[in-house]
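All remarks here apply to the structure that follows.
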Amino acid sequence: MIVRGRITMASVNGQRPEVIVVGAGPAGSIAARELALQGHEVLLLEKAHFPRPKTCGDGLTPRAVAALQRLGLEEMVRAAGAYRVNWALLMGPSGQTMKMPFHGLPGKLPSYGYVLPRLVLDDLLRRAAQSAGAVLWQNSKVIAPRQDSRGRILGVEIVQDGRRRTVLAPLTILATGAAFPLLKLFGFLDRLPPVVRAVRGYWNQVIDLSPQLEFYFTVLNRIRGYAWLFPTAAGKANIGLGVFPPAAANSRASLNVRAMLAQFMATEPSLQHRLADAVPAGKLAGYPLRTDFPAMRSWRPGCIVVGEAAGLVNPVTGEGIDLAMESGALAARTVHPFLSSDRRLLDVGLFVYNWRLRRQYGLLFRGLHLLLRRAMMPRSLSRLIRQGNRHAVLAKRIAGINLGTTSPYTAFYPSTWYYLRKR
Ligand SMILES: Cc1cc2nc3c(=O)[nH]c(=O)nc-3n(C[C@H](O)[C@H](O)[C@H](O)COP(=O)(O)OP(=O)(O)OC[C@H]3O[C@@H](n4cnc5c(N)ncnc54)[C@H](O)[C@@H]3O)c2cc1C
């Protein structure tokens with residue numbers, strides 16, 4: 001779409017940026033930071049004003065911690081008061097539990113994760129991008145692409161303080177999360193993909209918190225989804241619930257995830273004494289999650305997508321901060337040499353990014369989607385959790401699959417069946 005009207009050309013430090021990054025979530029801030037560290041002129045555009053909340057469970061998996069370590073940012077996150085968690089506790093549809101330790105995981109992951117509200121995490125990450133030299137424009141909403149007659153993305157149209165502006169750059173990176181309309185305008189989506197619908201809230205005065213991420217599949221008897229309780233600080237927790245597709249495809253009115261969360265909190269037996277005095281801190285917030293990476297295109301001339309904008313959220317766990325940071329860093333690493341040399345070859349770099357992304361996550365996502373279809377049923381999951389509690393090998397395999405470091409196809413190996421039946 002070529003937008004007409006009063007426009008002004010924007011510049012960064014008196015120059016045209018080499019890269020525009022749209023969205024200062026984990027994917028965008030990391031891409032912007034890594035490119036700025038390589039000496040590129042980066043403009044980071046964000047529609048909100050920091051610090052801003054982001055609807056999320058706030059859980060940083062060991063995989064996310066590994067990404068932070070590689071980027072040299074873990075200490076910053078820890079010092080900001082991130083709550084350390086050492087294992088995940090899964091509660092099955094019939095109430096059986098399984099402790100999934102984070103130590104000794106395949107892929108040499110750290111033996112812990114964190115919980116840190118996105119209000120804090122995203123603020124830290126955008127500051128890191130700015131410290132590296134990226135220029136951040138807040139309150140700057142991208143409303144459309146600017147493209148040439150052959151469909152090459154030349155930049156973006158933004159609305160800033162009520163004024164419309166055009167910003168042009170050789171490369172635009174979209175890191176807008178699950179923002180469907182914009183991805184459609186940029187030609188990355190032609191219809192609404194299947195989404196997970198989720199809601200979360202914060203509560204104070206929650207008792208008996210342990211350094212664990214708690215996942216409740218007890219709700220699976222009623223809905224196709226799960227609930228979680230993640231401790232954010234002493235006595236405080238992020239509690240939420242997500243519903244998988246295709247049930248989540250129902251209209252918002254017919255799928256009331258808020259009511260489902262309220263019902264879960266009121267009826268989950270193991271939580272009654274722990275939430276007896278709990279008081280909500282703020283309002284509930286809902287947001288969709290996109291897990292459609294395999295069906296999603298990730299580049300077109302002059303433009304790539306990273307993070308959840310590329311559908312990169314683990315379809316089984318709903319976790320995507322780790323993959324957002326990984327893909328942001330991967331994008332920066334891949335396009336840097338192409339930005340630094342003959343610009344006519346830039347699209348080759350974008351194609352290479354797409355290829356690397358498919359190689360890294362393609363098979364994994366197909367396997368996870370398959371697993372979601374086959375195992376996310378009350379009977380199969382009950383057995384998985386019961387047997388995982390008995391056999392450490394199985395528990396480790398489940399942890400590795402959930403974190404994406406063990407192939408999801410191992411769930412269908414004869415050895416898995418052996419442990420599923422072993423007394
Ligand atoms: C309820 C819920 C719970 C979740 N729990 C977890 C969890 O515990 N752990 C986990 O790892 N993941 C979790 N996720 C998933 C996680 O939130 C996302 O995968 C992650 O935020 C993706 O990061 P991102 O940088 O790609 O996009 P986002 O974090 O969505 O960031 C996108 C940014 O782009 C900005 N933006 C959007 N449109 C525009 C525009 N037009 N112009 C300018 N700026 C724009 C937004 O304001 C935002 O700042 C959860 C998601 C939900 C909804």
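Following the order of the structure tokens, first chain is A, next is B, and so on, with residues numbered from 1 inside each chain and ligands from 1 in the order they appear.
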Excluding Pro117 (chain A) and residues on its chain fewer than 4 positions from it, collect all residues at most 10 Å away from it, counting only C-alpha atoms, and give them as a ChimeraX atom specification. /A:53-60,81-83,121-122,202,232-233,237-238
Got time to write the residues from that selection, C-alpha atoms, as an mmCIF file, in the first residue's frame?
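selection_9.cif, written as the output of this step:
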```cif
data_model
loop_
_atom_site.group_PDB
_atom_site.id
_atom_site.type_symbol
_atom_site.label_atom_id
_atom_site.label_comp_id
_atom_site.auth_asym_id
_atom_site.auth_seq_id
_atom_site.Cartn_x
_atom_site.Cartn_y
_atom_site.Cartn_z
ATOM 1 C CA PRO A 53 3.226 -3.812 30.921
ATOM 2 C CA LYS A 54 3.006 -6.744 28.509
ATOM 3 C CA THR A 55 0.448 -9.472 29.098
ATOM 4 C CA CYS A 56 2.596 -12.505 29.873
ATOM 5 C CA GLY A 57 3.271 -15.205 32.468
ATOM 6 C CA ASP A 58 6.696 -13.538 32.989
ATOM 7 C CA GLY A 59 8.466 -16.927 33.057
ATOM 8 C CA LEU A 60 12.040 -17.014 31.777
ATOM 9 C CA GLY A 81 15.088 -8.750 41.292
ATOM 10 C CA ALA A 82 14.204 -11.658 39.018
ATOM 11 C CA TYR A 83 12.777 -14.540 41.080
ATOM 12 C CA LEU A 121 12.259 -7.020 31.747
ATOM 13 C CA ASP A 122 11.252 -5.170 28.582
ATOM 14 C CA TYR A 202 -1.057 -10.603 39.614
ATOM 15 C CA THR A 232 7.237 -13.102 40.972
ATOM 16 C CA ALA A 233 8.484 -12.235 44.502
ATOM 17 C CA ALA A 237 2.459 -14.515 41.874
ATOM 18 C CA ASN A 238 1.436 -14.249 38.252
#
```
Spatial neighbours of Ala132 (chain A), 10 Å, only C-alpha atoms, chain gap at least 3 places, as a short mmCIF file (atom, residue, chain, number, x, y, z; two decimals) with N, CA and C atoms, in the first residue's frame:
```cif
data_model
loop_
_atom_site.label_atom_id
_atom_site.label_comp_id
_atom_site.auth_asym_id
_atom_site.auth_seq_id
_atom_site.Cartn_x
_atom_site.Cartn_y
_atom_site.Cartn_z
N ALA A 32 17.77 -4.93 17.75
CA ALA A 32 18.29 -3.55 17.66
C ALA A 32 19.63 -3.44 18.38
N ARG A 33 19.72 -4.05 19.55
CA ARG A 33 20.96 -3.97 20.32
C ARG A 33 22.13 -4.61 19.57
N GLU A 34 21.88 -5.81 19.07
CA GLU A 34 22.98 -6.54 18.42
C GLU A 34 23.43 -5.83 17.14
N LEU A 35 22.50 -5.24 16.41
CA LEU A 35 22.90 -4.53 15.19
C LEU A 35 23.62 -3.23 15.53
N ALA A 36 23.15 -2.55 16.59
CA ALA A 36 23.82 -1.31 17.00
C ALA A 36 25.23 -1.61 17.48
N LEU A 37 25.39 -2.74 18.18
CA LEU A 37 26.73 -3.11 18.66
C LEU A 37 27.69 -3.37 17.48
N GLN A 38 27.11 -3.76 16.33
CA GLN A 38 27.94 -3.98 15.13
C GLN A 38 28.18 -2.68 14.39
N GLY A 39 27.68 -1.58 14.95
CA GLY A 39 27.96 -0.26 14.35
C GLY A 39 26.91 0.22 13.37
N VAL A 42 20.52 2.22 13.88
CA VAL A 42 19.26 1.49 14.09
C VAL A 42 18.22 2.41 14.71
N ARG A 126 15.10 -2.72 26.43
CA ARG A 126 15.13 -1.56 25.51
C ARG A 126 16.25 -0.59 25.93
N ARG A 127 16.52 -0.52 27.24
CA ARG A 127 17.65 0.32 27.68
C ARG A 127 18.96 -0.24 27.16
N ALA A 128 19.06 -1.58 27.16
CA ALA A 128 20.28 -2.22 26.65
C ALA A 128 20.47 -1.88 25.17
N ALA A 129 19.35 -1.84 24.44
CA ALA A 129 19.43 -1.49 23.01
C ALA A 129 19.89 -0.04 22.86
N VAL A 135 18.59 4.09 18.43
CA VAL A 135 17.75 5.24 18.78
C VAL A 135 16.32 4.74 18.95
#
```
Could you please extract the residues within 6 Å of ligand 1, counting only C-alpha atoms and all ligand atoms, and hand them back as a VMD selection string? chain A and resid 22 to 28 45 to 48 55 to 60 140 to 143 175 to 177 179 198 to 200 286 to 289 307 to 309 313 318 to 322 324
Output C-alpha atoms of each residue in that selection to a file, as a JSON list (two decimals), in the first residue's frame.
```
[["chain", "number", "residue", "atom", "x", "y", "z"],
["A", 22, "VAL", "CA", 9.34, -2.15, 14.77],
["A", 23, "GLY", "CA", 8.43, -3.16, 18.34],
["A", 24, "ALA", "CA", 10.60, -2.97, 21.45],
["A", 25, "GLY", "CA", 9.69, -6.32, 23.02],
["A", 26, "PRO", "CA", 12.45, -8.90, 23.63],
["A", 27, "ALA", "CA", 12.80, -9.75, 19.91],
["A", 28, "GLY", "CA", 13.01, -6.16, 18.71],
["A", 45, "LEU", "CA", 10.01, 2.21, 16.93],
["A", 46, "GLU", "CA", 7.60, 1.43, 19.76],
["A", 47, "LYS", "CA", 3.94, 2.38, 19.97],
["A", 48, "ALA", "CA", 3.87, 2.33, 23.78],
["A", 55, "THR", "CA", 0.45, -9.47, 29.10],
["A", 56, "CYS", "CA", 2.60, -12.50, 29.87],
["A", 57, "GLY", "CA", 3.27, -15.20, 32.47],
["A", 58, "ASP", "CA", 6.70, -13.54, 32.99],
["A", 59, "GLY", "CA", 8.47, -16.93, 33.06],
["A", 60, "LEU", "CA", 12.04, -17.01, 31.78],
["A", 140, "SER", "CA", 5.48, 5.86, 17.59],
["A", 141, "LYS", "CA", 2.97, 3.55, 16.03],
["A", 142, "VAL", "CA", 3.72, 1.99, 12.67],
["A", 143, "ILE", "CA", 0.52, 2.01, 10.63],
["A", 175, "ALA", "CA", 9.07, -7.45, 15.93],
["A", 176, "THR", "CA", 5.47, -6.57, 16.71],
["A", 177, "GLY", "CA", 4.43, -9.78, 18.47],
["A", 179, "ALA", "CA", -0.13, -7.78, 15.93],
["A", 198, "ALA", "CA", -4.63, -16.44, 27.40],
["A", 199, "VAL", "CA", -5.26, -14.24, 30.39],
["A", 200, "ARG", "CA", -3.17, -13.37, 33.43],
["A", 286, "GLY", "CA", -5.78, -11.06, 28.09],
["A", 287, "TYR", "CA", -3.84, -11.39, 24.86],
["A", 288, "PRO", "CA", -3.52, -13.99, 22.08],
["A", 289, "LEU", "CA", -0.39, -16.04, 21.39],
["A", 307, "GLY", "CA", 9.99, -13.33, 17.58],
["A", 308, "GLU", "CA", 6.27, -13.82, 17.93],
["A", 309, "ALA", "CA", 5.69, -11.81, 14.75],
["A", 313, "VAL", "CA", 6.02, -19.27, 20.53],
["A", 318, "GLY", "CA", 3.20, -20.98, 25.39],
["A", 319, "GLU", "CA", 6.68, -19.70, 26.09],
["A", 320, "GLY", "CA", 8.18, -17.33, 23.58],
["A", 321, "ILE", "CA", 10.53, -14.87, 25.32],
["A", 322, "ASP", "CA", 13.44, -17.28, 24.78],
["A", 324, "ALA", "CA", 12.09, -13.99, 20.67]]
```
Shell around Glu326 (chain A) at 10 Å using only C-alpha atoms, local window under 6 positions removed, as JSON, numbers by chain: {"A": [26, 27, 30, 31, 63, 64, 66, 67, 68, 70, 71, 306, 307, 320, 357]}
Write down as number ranges by chain the residues of region 238-418 of chain A whose backbone DSSP state falls under helix (DSSP H, G or I). A: 247-249, 257-267, 269-271, 293-295, 307-310, 321-340, 343-375, 378-390, 392-403, 408-412, 414-418
For Val120 (chain A), find every residue with an atom within 9 Å (counting only C-alpha atoms), except residues of its own chain fewer than 5 positions away, and show them as an MDAnalysis selection string. chainID A and resid 51:53 77 80 125
Can you write out as a tab-separated table which residues of region 97-187 of chain A fall within 12 Å of region 400-403 of chain A, alongside each residue's closest atom pair and its distance in Å to one decimal, counting only C-alpha atoms and ordering rows by chain and ascending residue number?
```
residue	atom	partner	partner_atom	distance
A:Met100	CA	A:Gly400	CA	9.8
A:Pro101	CA	A:Gly400	CA	10.4
A:Phe102	CA	A:Gly400	CA	9.2
A:His103	CA	A:Gly400	CA	10.7
A:Gly104	CA	A:Gly400	CA	9.9
A:Leu105	CA	A:Gly400	CA	6.3
A:Pro106	CA	A:Gly400	CA	6.2
A:Gly107	CA	A:Gly400	CA	8.2
A:Lys108	CA	A:Gly400	CA	10.6
A:Leu109	CA	A:Leu403	CA	9.4
A:Pro110	CA	A:Leu403	CA	11.7
A:Gly113	CA	A:Leu403	CA	11.3
```
Of the candidates A:Val65, A:Ala399, A:Leu370, A:Ile173, which shows the shortest atom-to-atom distance to Leu323 (chain A), using only C-alpha atoms? A:Val65
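Among A:Gln160, A:Thr172, A:Gln263, A:Asn389, the residue with the shortest atom-to-atom distance to Leu339 (chain A), counting only C-alpha atoms, is A:Thr172.
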Could you list, with a cut-off of 12 Å and counting only C-alpha atoms, the residues of region 149-243 of chain A near region 341-348 of chain A, each shown with its nearest atom pair and the distance in Å rounded to one decimal, rows sorted by chain and ascending number, as JSON lines?
```
{"residue": "A:Arg152", "atom": "CA", "partner": "A:Asp347", "partner_atom": "CA", "distance": 10.1}
{"residue": "A:Ile153", "atom": "CA", "partner": "A:Asp347", "partner_atom": "CA", "distance": 11.1}
{"residue": "A:Ala169", "atom": "CA", "partner": "A:Arg343", "partner_atom": "CA", "distance": 11.4}
{"residue": "A:Pro170", "atom": "CA", "partner": "A:Arg343", "partner_atom": "CA", "distance": 8.0}
{"residue": "A:Leu171", "atom": "CA", "partner": "A:Leu346", "partner_atom": "CA", "distance": 8.3}
{"residue": "A:Thr172", "atom": "CA", "partner": "A:Leu346", "partner_atom": "CA", "distance": 11.5}
```
Excluding same-chain residues fewer than 3 positions from Asn204 (chain A), what lies within 9 Å of it counting only C-alpha atoms, as number ranges by chain? A: 207, 234-237, 277-281
Strand (DSSP E) call set, DSSP backbone run, region 281-342 of chain A, as a tab-separated table (two decimals) with C-alpha atoms, in the first residue's frame:
```
chain	number	residue	atom	x	y	z
A	285	ALA	CA	-5.29	-8.78	31.07
A	286	GLY	CA	-5.78	-11.06	28.09
A	287	TYR	CA	-3.84	-11.39	24.86
A	288	PRO	CA	-3.52	-13.99	22.08
A	289	LEU	CA	-0.39	-16.04	21.39
A	290	ARG	CA	0.79	-17.04	17.94
A	299	TRP	CA	11.05	-12.55	4.78
A	300	ARG	CA	10.20	-10.52	1.77
A	303	CYS	CA	11.85	-6.89	5.40
A	304	ILE	CA	12.05	-9.77	7.90
A	305	VAL	CA	10.07	-10.82	10.95
```
Interface rows for region 70-157 of chain A against region 223-228 of chain A: nearest pair, Å to one decimal, 12 Å, only C-alpha atoms, as a Markdown table:
```
| residue | atom | partner | partner_atom | distance |
| --- | --- | --- | --- | --- |
| A:Ala88 | CA | A:Trp228 | CA | 10.4 |
| A:Leu89 | CA | A:Trp228 | CA | 9.8 |
| A:Leu90 | CA | A:Trp228 | CA | 9.4 |
| A:Met91 | CA | A:Tyr226 | CA | 9.7 |
| A:Gly92 | CA | A:Tyr226 | CA | 9.8 |
| A:Pro93 | CA | A:Tyr226 | CA | 9.7 |
```
Give me a file of those residues, with N, CA and C atoms, as a CSV table (one decimal), in the first residue's frame.
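Ended up saving to selection.csv:
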```
chain,number,residue,atom,x,y,z
A,88,ALA,N,10.1,-27.2,37.4
A,88,ALA,CA,8.7,-26.9,37.0
A,88,ALA,C,7.9,-28.0,37.7
A,89,LEU,N,6.7,-27.7,38.2
A,89,LEU,CA,5.8,-28.7,38.8
A,89,LEU,C,4.6,-28.8,37.9
A,90,LEU,N,4.4,-30.0,37.4
A,90,LEU,CA,3.2,-30.3,36.5
A,90,LEU,C,2.2,-31.0,37.3
A,91,MET,N,1.0,-30.5,37.2
A,91,MET,CA,-0.1,-31.2,37.9
A,91,MET,C,-1.1,-31.8,36.8
A,92,GLY,N,-1.2,-33.1,36.8
A,92,GLY,CA,-2.0,-33.7,35.7
A,92,GLY,C,-3.5,-33.6,35.9
A,93,PRO,N,-4.2,-34.0,34.9
A,93,PRO,CA,-5.7,-33.9,34.9
A,93,PRO,C,-6.3,-34.6,36.1
```
List as a PyMOL selection string the protein and nucleic acid residues near region 97-99 of chain A, meaning an atom at most 12 Å away when only C-alpha atoms are counted, but skip any in the same chain fewer than 4 places from it. chain A and resi 86-93+103+211-218+270+381-392+394-396+398-399
Using N, CA and C atoms, can you write the selected residues to a file as an mmCIF file, in the first residue's frame?
```cif
data_model
loop_
_atom_site.group_PDB
_atom_site.id
_atom_site.type_symbol
_atom_site.label_atom_id
_atom_site.label_comp_id
_atom_site.auth_asym_id
_atom_site.auth_seq_id
_atom_site.Cartn_x
_atom_site.Cartn_y
_atom_site.Cartn_z
ATOM 1 N N ASN A 86 13.863 -23.238 40.145
ATOM 2 C CA ASN A 86 14.785 -24.350 39.897
ATOM 3 C C ASN A 86 14.127 -25.569 39.262
ATOM 4 N N TRP A 87 12.829 -25.598 39.175
ATOM 5 C CA TRP A 87 12.147 -26.710 38.529
ATOM 6 C C TRP A 87 10.723 -26.284 38.140
ATOM 7 N N ALA A 88 10.093 -27.153 37.364
ATOM 8 C CA ALA A 88 8.678 -26.926 37.029
ATOM 9 C C ALA A 88 7.873 -28.030 37.680
ATOM 10 N N LEU A 89 6.713 -27.695 38.182
ATOM 11 C CA LEU A 89 5.823 -28.689 38.763
ATOM 12 C C LEU A 89 4.606 -28.814 37.857
ATOM 13 N N LEU A 90 4.393 -30.030 37.369
ATOM 14 C CA LEU A 90 3.247 -30.265 36.487
ATOM 15 C C LEU A 90 2.177 -31.011 37.262
ATOM 16 N N MET A 91 0.974 -30.508 37.249
ATOM 17 C CA MET A 91 -0.115 -31.228 37.890
ATOM 18 C C MET A 91 -1.069 -31.751 36.810
ATOM 19 N N GLY A 92 -1.223 -33.063 36.767
ATOM 20 C CA GLY A 92 -1.984 -33.704 35.693
ATOM 21 C C GLY A 92 -3.483 -33.614 35.893
ATOM 22 N N PRO A 93 -4.240 -34.015 34.862
ATOM 23 C CA PRO A 93 -5.704 -33.916 34.905
ATOM 24 C C PRO A 93 -6.340 -34.625 36.091
ATOM 25 N N HIS A 103 17.939 -29.078 36.256
ATOM 26 C CA HIS A 103 19.374 -29.399 36.168
ATOM 27 C C HIS A 103 19.593 -30.636 35.303
ATOM 28 N N PRO A 211 10.451 -22.164 44.722
ATOM 29 C CA PRO A 211 11.147 -21.730 43.498
ATOM 30 C C PRO A 211 10.786 -22.620 42.321
ATOM 31 N N GLN A 212 9.534 -22.620 41.945
ATOM 32 C CA GLN A 212 9.044 -23.515 40.890
ATOM 33 C C GLN A 212 8.013 -22.816 40.008
ATOM 34 N N LEU A 213 7.992 -23.227 38.750
ATOM 35 C CA LEU A 213 6.941 -22.800 37.829
ATOM 36 C C LEU A 213 5.848 -23.857 37.928
ATOM 37 N N GLU A 214 4.645 -23.467 38.247
ATOM 38 C CA GLU A 214 3.568 -24.454 38.434
ATOM 39 C C GLU A 214 2.626 -24.448 37.231
ATOM 40 N N PHE A 215 2.449 -25.626 36.651
ATOM 41 C CA PHE A 215 1.548 -25.783 35.503
ATOM 42 C C PHE A 215 0.403 -26.706 35.905
ATOM 43 N N TYR A 216 -0.813 -26.276 35.704
ATOM 44 C CA TYR A 216 -1.992 -27.057 36.114
ATOM 45 C C TYR A 216 -2.745 -27.555 34.881
ATOM 46 N N PHE A 217 -2.588 -28.855 34.626
ATOM 47 C CA PHE A 217 -3.346 -29.461 33.529
ATOM 48 C C PHE A 217 -4.651 -30.056 34.065
ATOM 49 N N THR A 218 -4.952 -29.734 35.307
ATOM 50 C CA THR A 218 -6.212 -30.198 35.895
ATOM 51 C C THR A 218 -7.397 -29.623 35.112
ATOM 52 N N SER A 270 -5.795 -27.898 45.285
ATOM 53 C CA SER A 270 -4.466 -27.677 45.859
ATOM 54 C C SER A 270 -4.156 -26.196 46.066
ATOM 55 N N LEU A 381 -2.053 -37.393 28.968
ATOM 56 C CA LEU A 381 -1.235 -36.522 29.814
ATOM 57 C C LEU A 381 -1.146 -37.060 31.248
ATOM 58 N N SER A 382 -2.237 -37.638 31.726
ATOM 59 C CA SER A 382 -2.212 -38.216 33.080
ATOM 60 C C SER A 382 -1.136 -39.293 33.155
ATOM 61 N N ARG A 383 -1.111 -40.136 32.134
ATOM 62 C CA ARG A 383 -0.123 -41.221 32.127
ATOM 63 C C ARG A 383 1.300 -40.663 32.048
ATOM 64 N N LEU A 384 1.472 -39.676 31.186
ATOM 65 C CA LEU A 384 2.795 -39.062 30.999
ATOM 66 C C LEU A 384 3.306 -38.492 32.326
ATOM 67 N N ILE A 385 2.440 -37.801 33.035
ATOM 68 C CA ILE A 385 2.853 -37.161 34.287
ATOM 69 C C ILE A 385 3.091 -38.217 35.371
ATOM 70 N N ARG A 386 2.205 -39.211 35.439
ATOM 71 C CA ARG A 386 2.378 -40.258 36.453
ATOM 72 C C ARG A 386 3.691 -41.016 36.225
ATOM 73 N N GLN A 387 3.950 -41.386 34.985
ATOM 74 C CA GLN A 387 5.154 -42.157 34.689
ATOM 75 C C GLN A 387 6.412 -41.279 34.762
ATOM 76 N N GLY A 388 6.271 -40.020 34.405
ATOM 77 C CA GLY A 388 7.400 -39.092 34.491
ATOM 78 C C GLY A 388 7.835 -38.930 35.935
ATOM 79 N N ASN A 389 6.879 -39.006 36.834
ATOM 80 C CA ASN A 389 7.191 -38.896 38.263
ATOM 81 C C ASN A 389 7.955 -40.122 38.742
ATOM 82 N N ARG A 390 7.706 -41.270 38.099
ATOM 83 C CA ARG A 390 8.375 -42.517 38.508
ATOM 84 C C ARG A 390 9.747 -42.660 37.875
ATOM 85 N N HIS A 391 9.918 -42.168 36.654
ATOM 86 C CA HIS A 391 11.145 -42.438 35.906
ATOM 87 C C HIS A 391 11.828 -41.129 35.513
ATOM 88 N N ALA A 392 12.999 -40.910 36.107
ATOM 89 C CA ALA A 392 13.718 -39.651 35.875
ATOM 90 C C ALA A 392 14.063 -39.468 34.395
ATOM 91 N N LEU A 394 12.347 -40.276 31.826
ATOM 92 C CA LEU A 394 11.170 -39.761 31.132
ATOM 93 C C LEU A 394 10.951 -38.283 31.492
ATOM 94 N N ALA A 395 11.111 -37.966 32.783
ATOM 95 C CA ALA A 395 10.915 -36.569 33.230
ATOM 96 C C ALA A 395 11.884 -35.647 32.492
ATOM 97 N N LYS A 396 13.131 -36.097 32.348
ATOM 98 C CA LYS A 396 14.148 -35.291 31.665
ATOM 99 C C LYS A 396 13.797 -35.139 30.186
ATOM 100 N N ILE A 398 10.799 -35.194 28.906
ATOM 101 C CA ILE A 398 9.663 -34.260 28.797
ATOM 102 C C ILE A 398 10.160 -32.814 28.946
ATOM 103 N N ALA A 399 11.088 -32.619 29.908
ATOM 104 C CA ALA A 399 11.629 -31.264 30.117
ATOM 105 C C ALA A 399 12.352 -30.793 28.859
#
```
Could you name the residues that touch Ala262 (chain A) at 10 Å or less, counting only C-alpha atoms, but leaving out those on the same chain fewer than 4 positions away, as a VMD selection string? chain A and resid 240 to 241 257 to 258 266 to 267
Requested write-out: N, CA and C atoms of the selected residues, as a PDB file, in the first residue's frame:
```pdb
ATOM      1  N   GLY A 240      -2.369 -17.405  35.620  1.00  0.00           N
ATOM      2  CA  GLY A 240      -3.041 -17.224  34.334  1.00  0.00           C
ATOM      3  C   GLY A 240      -3.543 -18.530  33.763  1.00  0.00           C
ATOM      4  N   LEU A 241      -4.163 -18.419  32.608  1.00  0.00           N
ATOM      5  CA  LEU A 241      -4.749 -19.592  31.956  1.00  0.00           C
ATOM      6  C   LEU A 241      -4.751 -19.361  30.442  1.00  0.00           C
ATOM      7  N   VAL A 257     -12.101 -16.606  28.724  1.00  0.00           N
ATOM      8  CA  VAL A 257     -10.942 -17.121  29.454  1.00  0.00           C
ATOM      9  C   VAL A 257     -10.836 -16.522  30.864  1.00  0.00           C
ATOM     10  N   ARG A 258     -11.361 -15.318  31.018  1.00  0.00           N
ATOM     11  CA  ARG A 258     -11.338 -14.704  32.355  1.00  0.00           C
ATOM     12  C   ARG A 258     -12.192 -15.522  33.327  1.00  0.00           C
ATOM     13  N   ALA A 266     -11.017 -20.692  41.908  1.00  0.00           N
ATOM     14  CA  ALA A 266     -12.013 -20.962  42.960  1.00  0.00           C
ATOM     15  C   ALA A 266     -12.153 -22.444  43.260  1.00  0.00           C
ATOM     16  N   THR A 267     -11.746 -23.286  42.299  1.00  0.00           N
ATOM     17  CA  THR A 267     -12.056 -24.715  42.485  1.00  0.00           C
ATOM     18  C   THR A 267     -10.836 -25.636  42.572  1.00  0.00           C
TER      19      THR A 267
END
```
Can you work out the spacing between CA of Asp292 (chain A) and CA of Arg191 (chain A) in Å, to one decimal? 11.8 Å
